[in-house]
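Q: This is coords_3.csv, which holds CSV, C-alpha atoms and all ligand atoms:
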```csv
chain,number,residue,atom,x,y,z
A,1,MET,CA,-17.5,12.5,2.2
A,2,LYS,CA,-16.1,9.0,2.1
A,3,LEU,CA,-12.6,7.6,2.1
A,4,LEU,CA,-11.9,5.2,-0.7
A,5,ALA,CA,-8.8,3.2,-1.7
A,6,ILE,CA,-7.2,1.4,-4.6
A,7,SER,CA,-3.7,0.3,-5.4
A,8,ASP,CA,-1.6,-1.4,-8.1
A,9,LEU,CA,-3.1,0.4,-11.0
A,10,HIS,CA,0.0,-0.6,-13.0
A,11,VAL,CA,-0.8,1.9,-15.8
A,12,ARG,CA,2.1,0.6,-17.9
A,13,HIS,CA,-0.5,-1.9,-19.2
A,14,LYS,CA,-2.8,-0.5,-21.8
A,15,SER,CA,-6.1,-2.0,-20.4
A,16,ASN,CA,-5.3,-0.6,-17.0
A,17,ARG,CA,-4.6,2.9,-18.6
A,18,GLN,CA,-8.0,2.6,-20.3
A,19,ALA,CA,-9.7,1.7,-17.0
A,20,LEU,CA,-8.1,4.6,-15.2
A,21,LEU,CA,-9.9,6.9,-17.7
A,22,GLU,CA,-13.2,5.3,-16.7
A,23,VAL,CA,-13.0,5.9,-13.0
A,24,SER,CA,-16.1,7.9,-12.1
A,25,ALA,CA,-15.8,11.3,-10.5
A,26,ARG,CA,-16.7,11.5,-6.8
A,27,PRO,CA,-15.8,15.1,-6.0
A,28,ASP,CA,-16.7,14.9,-2.3
A,29,ASP,CA,-14.6,11.8,-1.6
A,30,TRP,CA,-10.9,11.2,-0.9
A,31,LEU,CA,-9.0,8.5,-2.6
A,32,ILE,CA,-6.0,6.5,-1.3
A,33,LEU,CA,-3.6,5.3,-4.0
A,34,CYS,CA,-1.7,2.6,-2.2
A,35,GLY,CA,1.3,2.2,-4.4
A,36,ASP,CA,2.4,0.5,-7.6
A,37,LEU,CA,0.6,3.0,-9.8
A,38,GLY,CA,3.4,2.5,-12.3
A,39,GLU,CA,7.2,2.5,-12.8
A,40,SER,CA,8.0,6.1,-13.8
A,41,PRO,CA,7.3,9.7,-12.8
A,42,ASP,CA,5.2,9.9,-16.0
A,43,HIS,CA,3.0,7.1,-14.8
A,44,LEU,CA,2.4,9.0,-11.6
A,45,ARG,CA,1.6,12.2,-13.5
A,46,LEU,CA,-0.9,10.4,-15.7
A,47,VAL,CA,-2.7,9.0,-12.6
A,48,PHE,CA,-2.7,12.4,-10.7
A,49,GLU,CA,-3.8,14.4,-13.8
A,50,THR,CA,-6.6,11.9,-14.4
A,51,LEU,CA,-7.9,11.3,-10.9
A,52,GLY,CA,-6.9,14.6,-9.2
A,53,PRO,CA,-9.9,16.5,-10.7
A,54,ARG,CA,-12.3,13.7,-9.9
A,55,PHE,CA,-11.7,13.5,-6.1
A,56,ALA,CA,-11.5,16.0,-3.3
A,57,ARG,CA,-8.0,14.8,-2.3
A,58,LEU,CA,-5.5,12.1,-3.3
A,59,ILE,CA,-3.2,10.3,-0.9
A,60,TRP,CA,-0.2,8.3,-2.2
A,61,VAL,CA,2.3,5.9,-0.7
A,62,PRO,CA,5.0,4.3,-2.8
A,63,GLY,CA,5.0,0.7,-4.0
A,64,ASN,CA,8.1,-1.1,-5.0
A,65,HIS,CA,7.5,-0.5,-8.7
A,66,GLU,CA,7.6,3.3,-8.3
A,67,LEU,CA,10.9,2.9,-6.6
A,68,TRP,CA,12.6,1.1,-9.4
A,69,SER,CA,15.3,3.2,-11.1
A,70,ARG,CA,16.4,1.6,-14.4
A,71,ALA,CA,17.9,4.5,-16.2
A,72,SER,CA,21.7,4.6,-15.4
A,73,GLY,CA,22.7,8.0,-14.0
A,74,GLY,CA,19.2,8.8,-12.7
A,75,ALA,CA,18.3,9.2,-9.1
A,76,ARG,CA,18.3,6.1,-7.0
A,77,GLY,CA,17.0,5.0,-3.6
A,78,VAL,CA,16.1,7.8,-1.2
A,79,ASP,CA,16.8,10.5,-3.8
A,80,HIS,CA,14.4,8.9,-6.2
A,81,TYR,CA,11.8,8.5,-3.5
A,82,LEU,CA,12.1,12.2,-2.5
A,83,GLN,CA,11.8,13.2,-6.2
A,84,LEU,CA,8.5,11.3,-6.3
A,85,VAL,CA,7.3,13.1,-3.1
A,86,GLU,CA,8.0,16.4,-4.7
A,87,LEU,CA,6.1,15.4,-7.8
A,88,CYS,CA,3.1,14.4,-5.5
A,89,ARG,CA,3.3,17.8,-3.8
A,90,SER,CA,3.1,19.6,-7.1
A,91,TYR,CA,-0.3,17.9,-7.5
A,92,GLN,CA,-1.3,18.5,-3.8
A,93,VAL,CA,-1.2,14.8,-3.3
A,94,LEU,CA,-0.5,13.7,0.4
A,95,THR,CA,2.5,11.5,0.9
A,96,PRO,CA,4.2,9.7,3.9
A,97,GLU,CA,6.4,12.8,4.3
A,98,ASP,CA,3.5,15.2,5.1
A,99,PRO,CA,1.8,15.9,8.5
A,100,TYR,CA,-0.8,13.3,9.3
A,101,VAL,CA,-4.3,14.6,8.6
A,102,LEU,CA,-7.3,14.1,10.9
A,103,TRP,CA,-10.1,12.7,8.8
A,104,GLN,CA,-13.3,14.5,9.6
A,105,GLY,CA,-15.5,12.9,7.0
A,106,GLU,CA,-17.9,9.9,7.4
A,107,GLY,CA,-16.5,7.3,9.8
A,108,GLY,CA,-14.2,9.9,11.4
A,109,PRO,CA,-12.4,11.3,13.2
A,110,ALA,CA,-9.4,9.2,12.4
A,111,TRP,CA,-5.8,9.9,11.7
A,112,LEU,CA,-4.8,9.3,8.1
A,113,VAL,CA,-1.3,7.8,8.2
A,114,PRO,CA,0.4,7.2,4.9
A,115,LEU,CA,3.5,5.0,5.5
A,116,PHE,CA,6.5,3.9,3.5
A,117,LEU,CA,7.9,0.9,5.4
A,118,LEU,CA,9.3,-1.4,2.7
A,119,TYR,CA,10.3,-5.0,3.7
A,120,ASP,CA,13.2,-6.7,5.3
A,121,TYR,CA,12.9,-10.4,4.2
A,122,SER,CA,11.7,-11.4,7.7
A,123,PHE,CA,8.5,-12.9,6.2
A,124,ARG,CA,10.3,-16.3,5.9
A,125,PRO,CA,10.1,-19.7,7.5
A,126,ALA,CA,11.4,-19.9,11.1
A,127,GLY,CA,15.0,-21.0,11.3
A,128,MET,CA,16.1,-19.5,8.0
A,129,ASN,CA,18.3,-16.5,7.5
A,130,LYS,CA,17.9,-14.1,4.7
A,131,GLN,CA,20.2,-15.9,2.3
A,132,GLU,CA,18.5,-19.2,3.0
A,133,GLY,CA,15.2,-17.5,2.5
A,134,LEU,CA,16.3,-16.3,-0.9
A,135,ALA,CA,17.5,-19.8,-1.8
A,136,TRP,CA,14.2,-21.2,-0.7
A,137,ALA,CA,12.4,-18.8,-3.0
A,138,ALA,CA,14.8,-19.4,-5.9
A,139,GLU,CA,14.1,-23.2,-5.5
A,140,ALA,CA,10.5,-22.4,-6.6
A,141,GLY,CA,11.7,-20.1,-9.4
A,142,ILE,CA,10.8,-17.0,-7.4
A,143,MET,CA,13.0,-13.9,-7.5
A,144,CYS,CA,11.6,-10.3,-7.2
A,145,THR,CA,12.6,-7.8,-9.8
A,146,ASP,CA,13.3,-5.4,-6.9
A,147,GLU,CA,16.6,-7.3,-6.5
A,148,PHE,CA,17.8,-5.6,-9.7
A,149,TYR,CA,16.0,-2.3,-9.8
A,150,LEU,CA,15.0,-1.2,-6.3
A,151,HIS,CA,18.3,0.5,-5.1
A,152,PRO,CA,18.5,1.2,-1.4
A,153,HIS,CA,21.0,4.0,-1.9
A,154,PRO,CA,22.5,5.5,0.4
A,155,TYR,CA,21.5,2.6,2.7
A,156,PRO,CA,23.6,-0.6,2.2
A,157,SER,CA,20.5,-2.8,1.8
A,158,ARG,CA,16.7,-2.7,1.4
A,159,GLU,CA,16.4,-4.1,4.9
A,160,ASP,CA,18.5,-1.2,6.3
A,161,TRP,CA,16.3,1.2,4.5
A,162,CYS,CA,13.3,-0.6,6.0
A,163,GLN,CA,14.7,-0.3,9.5
A,164,ALA,CA,15.2,3.4,9.1
A,165,ARG,CA,11.7,3.9,7.8
A,166,LEU,CA,10.3,1.9,10.7
A,167,ALA,CA,12.2,4.1,13.2
A,168,LEU,CA,11.1,7.3,11.6
A,169,SER,CA,7.5,6.2,11.4
A,170,GLU,CA,7.4,5.0,15.0
A,171,GLU,CA,8.7,8.4,16.1
A,172,ARG,CA,6.1,10.3,14.2
A,173,LEU,CA,3.3,7.9,15.3
A,174,SER,CA,4.3,8.2,18.9
A,175,GLU,CA,3.5,11.9,18.7
A,176,LEU,CA,-0.1,11.4,17.6
A,177,ASP,CA,-3.1,11.8,19.9
A,178,LEU,CA,-4.2,8.1,19.9
A,179,SER,CA,-7.5,8.8,21.5
A,180,TYR,CA,-8.5,9.0,17.8
A,181,PRO,CA,-8.0,5.8,15.8
A,182,THR,CA,-5.6,5.6,12.9
A,183,ILE,CA,-5.9,4.5,9.3
A,184,LEU,CA,-2.5,2.9,8.5
A,185,ILE,CA,-1.8,3.0,4.8
A,186,ASN,CA,1.2,1.0,3.5
A,187,HIS,CA,1.8,-0.7,0.2
A,188,PHE,CA,3.3,-3.8,1.9
A,189,GLN,CA,1.6,-6.0,4.5
A,190,LEU,CA,1.9,-5.3,8.2
A,191,ARG,CA,1.3,-9.0,9.2
A,192,PHE,CA,3.1,-12.1,7.9
A,193,GLU,CA,0.0,-14.3,8.1
A,194,LEU,CA,-1.8,-11.9,5.7
A,195,ALA,CA,0.9,-12.0,3.0
A,196,ARG,CA,-1.1,-14.8,1.4
A,197,LEU,CA,0.0,-15.6,-2.2
A,198,PRO,CA,-1.5,-19.0,-3.1
A,199,ARG,CA,0.1,-19.1,-6.6
A,200,VAL,CA,3.6,-17.9,-5.4
A,201,PRO,CA,3.7,-18.4,-1.6
A,202,ARG,CA,7.5,-17.9,-1.5
A,203,PHE,CA,7.2,-14.3,-2.8
A,204,CYS,CA,6.3,-13.5,0.8
A,205,LEU,CA,9.9,-12.5,1.4
A,206,TRP,CA,9.3,-9.3,-0.5
A,207,CYS,CA,6.0,-8.4,1.2
A,208,GLY,CA,6.7,-6.8,4.6
A,209,THR,CA,8.4,-7.0,8.0
A,210,THR,CA,7.5,-8.9,11.1
A,211,ARG,CA,8.4,-5.7,13.1
A,212,THR,CA,4.9,-4.4,12.2
A,213,GLU,CA,3.0,-7.5,13.4
A,214,ASP,CA,1.3,-5.6,16.3
A,215,TRP,CA,1.1,-2.2,14.8
A,216,HIS,CA,-2.7,-2.4,14.3
A,217,GLN,CA,-3.0,-2.6,18.1
A,218,ARG,CA,0.0,-0.5,19.0
A,219,TRP,CA,-1.2,2.4,17.0
A,220,ASN,CA,-4.9,2.0,17.5
A,221,ALA,CA,-5.7,1.2,13.9
A,222,LYS,CA,-9.3,1.2,12.8
A,223,VAL,CA,-8.3,0.1,9.3
A,224,VAL,CA,-5.0,-1.0,7.7
A,225,VAL,CA,-4.9,-0.4,4.0
A,226,SER,CA,-2.4,-2.3,1.8
A,227,GLY,CA,-1.8,-3.6,-1.7
A,228,HIS,CA,1.1,-5.4,-3.4
A,229,LEU,CA,-0.4,-8.9,-3.3
A,230,HIS,CA,-2.9,-8.3,-6.2
A,231,MET,CA,-5.2,-10.5,-4.1
A,232,ARG,CA,-8.0,-8.3,-2.9
A,233,SER,CA,-9.3,-9.2,0.6
A,234,THR,CA,-10.9,-8.0,3.8
A,235,ASP,CA,-9.8,-9.5,7.1
A,236,TRP,CA,-10.5,-8.6,10.7
A,237,ARG,CA,-7.9,-9.0,13.4
A,238,ASP,CA,-8.4,-7.8,17.0
A,239,GLY,CA,-11.2,-5.5,15.9
A,240,THR,CA,-9.1,-3.9,13.1
A,241,ARG,CA,-10.1,-4.2,9.5
A,242,PHE,CA,-7.3,-5.1,7.1
A,243,GLU,CA,-8.1,-4.2,3.5
A,244,GLU,CA,-6.0,-5.4,0.5
A,245,VAL,CA,-7.2,-3.1,-2.3
A,246,ALA,CA,-5.0,-3.9,-5.3
A,247,LEU,CA,-6.3,-3.8,-8.9
A,248,GLY,CA,-3.3,-5.6,-10.3
A,249,TYR,CA,-2.1,-6.6,-13.7
A,250,PRO,CA,-4.8,-7.1,-16.4
A,251,ARG,CA,-4.8,-10.9,-15.6
A,252,ASP,CA,-5.6,-10.1,-11.9
A,253,TRP,CA,-9.0,-8.4,-12.4
A,254,GLN,CA,-12.1,-8.6,-14.5
A,255,GLN,CA,-12.2,-5.8,-17.0
A,256,SER,CA,-15.9,-6.6,-17.7
A,257,ARG,CA,-16.8,-5.5,-14.1
A,258,GLY,CA,-15.5,-2.0,-14.7
A,259,ILE,CA,-12.9,-0.3,-12.4
A,260,ASP,CA,-15.4,1.5,-10.1
A,261,GLY,CA,-16.2,-1.7,-8.4
A,262,TYR,CA,-12.6,-2.1,-7.4
A,263,LEU,CA,-12.5,1.2,-5.4
A,264,ARG,CA,-12.8,0.0,-1.8
A,265,GLU,CA,-14.7,2.0,0.8
A,266,ILE,CA,-12.4,2.5,3.8
A,267,LEU,CA,-14.5,4.9,5.7
A,268,PRO,CA,-17.2,4.8,6.8
A,269,GLY,CA,-17.0,1.1,5.6
A,270,PRO,CA,-18.6,-1.8,7.5
A,271,GLN,CA,-18.7,-1.1,11.2
A,272,GLN,CA,-18.2,-4.6,12.5
A,273,GLN,CA,-18.0,-8.2,11.6
A,274,LEU,CA,-20.6,-10.5,13.1
A,275,GLN,CA,-20.1,-14.3,13.0
A,276,GLY,CA,-23.1,-15.9,11.5
A,277,ARG,CA,-23.9,-19.6,11.3
A,278,HIS,CA,-22.5,-19.8,7.8
A,279,GLY,CA,-19.4,-17.7,8.3
A,280,PRO,CA,-18.9,-13.9,8.5
A,281,VAL,CA,-21.8,-11.6,8.1
A,282,TRP,CA,-21.2,-8.0,7.2
A,283,HIS,CA,-23.0,-5.4,9.2
A,284,ARG,CA,-23.2,-1.7,8.4
A,301,FE,FE,1.7,-4.4,-7.8
A,302,FE,FE,4.1,-4.1,-5.2
```
Take the structure in the file and give it back as structure tokens.

A:
Amino acid sequence: MKLLAISDLHVRHKSNRQALLEVSARPDDWLILCGDLGESPDHLRLVFETLGPRFARLIWVPGNHELWSRASGGARGVDHYLQLVELCRSYQVLTPEDPYVLWQGEGGPAWLVPLFLLYDYSFRPAGMNKQEGLAWAAEAGIMCTDEFYLHPHPYPSREDWCQARLALSEERLSELDLSYPTILINHFQLRFELARLPRVPRFCLWCGTTRTEDWHQRWNAKVVVSGHLHMRSTDWRDGTRFEEVALGYPRDWQQSRGIDGYLREILPGPQQQLQGRHGPVWHR
């Protein structure tokens, strides 16, 4: 019984939809879906109906794309998010609104903590305010589509929504028995320095909040799982493993490799990183 993860399936794209159908069944394992499955409730349904029967349990956290509301008159912001949570529940998919589960499979016990923290534009150069940060990104031709479609309603701004989510999540985390480690699961990055985007570095504004910089230590995280960057990576900080698990748009991954190789093992996973003469050495 292993814990696996993938994000950014972006099933709006035909080749990603095809790949979804090719995910192998692993009926003993749990699968984290770390956001950006698509842009509509129908996209979520497609993923849950395809993967639900192939895994023992699915866990979902929202990405920015799921939170877009383009149809006028439809639910926006918090209402839209809560509708998605209800949709997840109808498929028995765990969400950030459900009680945290103690993982008892391989690599456990550990608390599984799905989070929805959003971003607050604080991933920006020192000395800039938000408006200056947006201008700095615009100079490089960077503007996130969220500015048009991710409504924060009823909060006045996305950063206000982010602050509310941080407060709510801190309150719930502080009630956990932290003698067990946590697996923190959030679409966005918890640390600024890990919001690495070589092709579009100024997109970092829309990638997280500096308020979570120390959360891996504060909440005794064994692993932090995220997506959003479409730049898969594994990093270690202070003994915590940080996994970016995105598949991404068709241009971001190699279809010829098959999708199964993009499912990352979170638990048990590698136990520690040893420093070899020629760089990091993985040790199981
Ligand atoms: Fe994405
Ligand atoms: Fe994203």

Q: Contacts of Gly269 (chain A) at 9 Å or less, counting only C-alpha atoms, minus same-chain residues fewer than 2 places along, as number ranges by chain?

A: A: 2-3, 107, 264-267, 271, 284

Q: Which of these, A:Trp30, A:Phe242, A:Trp68, A:Tyr81, has the shortest distance to ligand FE 302 (chain A) once you count only C-alpha atoms and all ligand atoms?

A: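 Selected residue with least distance to ligand FE 302 (chain A): A:Trp68.
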
Q: Could you check the closest approach to Asn186 (chain A) for each of A:Gly73, A:Gly227, A:Pro125, A:Gly141 and tell me which residue wins, using all atoms listed in the file?

A: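 Checking each candidate against Asn186 (chain A), we get A:Gly227 as the closest.
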
Q: My list of candidates is A:Arg211, A:Arg12, A:Arg70, A:Arg257. Which is closest to Val47 (chain A) when distances are computed with all atoms listed in the file?

A: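 Going through A:Arg211, A:Arg12, A:Arg70, A:Arg257 one by one, the smallest distance to Val47 (chain A) is for A:Arg12.
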
Q: Residues within 12 Å of ligand FE 301 (chain A) should be enumerated using only C-alpha atoms and all ligand atoms and returned as a PyMOL selection string.

A: chain A and resi 6-13+33-39+62-67+144-146+187-188+206-207+226-232+244-250+252

Q: Measuring atom to atom with all atoms listed in the file, identify which of A:Leu82, A:Leu51, A:Ala195, A:Ala19 is nearest to ligand FE 302 (chain A).

A: A:Ala195

Q: Give the answer as one residue: which of A:Ala167, A:Val78, A:Val85, A:Val61 has the shortest atom-to-atom distance to ligand FE 302 (chain A), using all atoms listed in the file?

A: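 The answer is A:Val61, which sits nearest to ligand FE 302 (chain A).
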
Q: Using all atoms listed in the file, which of A:Trp161, A:Val224, A:Ala75, A:Ser24 sits nearest Asp260 (chain A)?

A: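 Looking at the shortest contact to Asp260 (chain A), the residue is A:Ser24.
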
Q: Set the distance at 8 Å and use all atoms listed in the file: which residues neighbour region 216-219 of chain A once local chain neighbours fewer than 6 positions away are removed? I'd like the list as a list in words.

A: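 Non-adjacent residues within range: Leu173, Leu178, Pro181, Thr182, Leu184, Asp238 and Thr240 of chain A.
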
Q: In Å, rounded to a single decimal, give me how far CA of Leu117 (chain A) is from CA of Thr209 (chain A).

A: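 Taking CA of Thr209 (chain A) and CA of Leu117 (chain A), their separation equals 8.3 Å.
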
Q: Quick one: pull the distance between CA of Thr212 (chain A) and CA of Tyr119 (chain A), Å, one decimal.

A: 10.1 Å
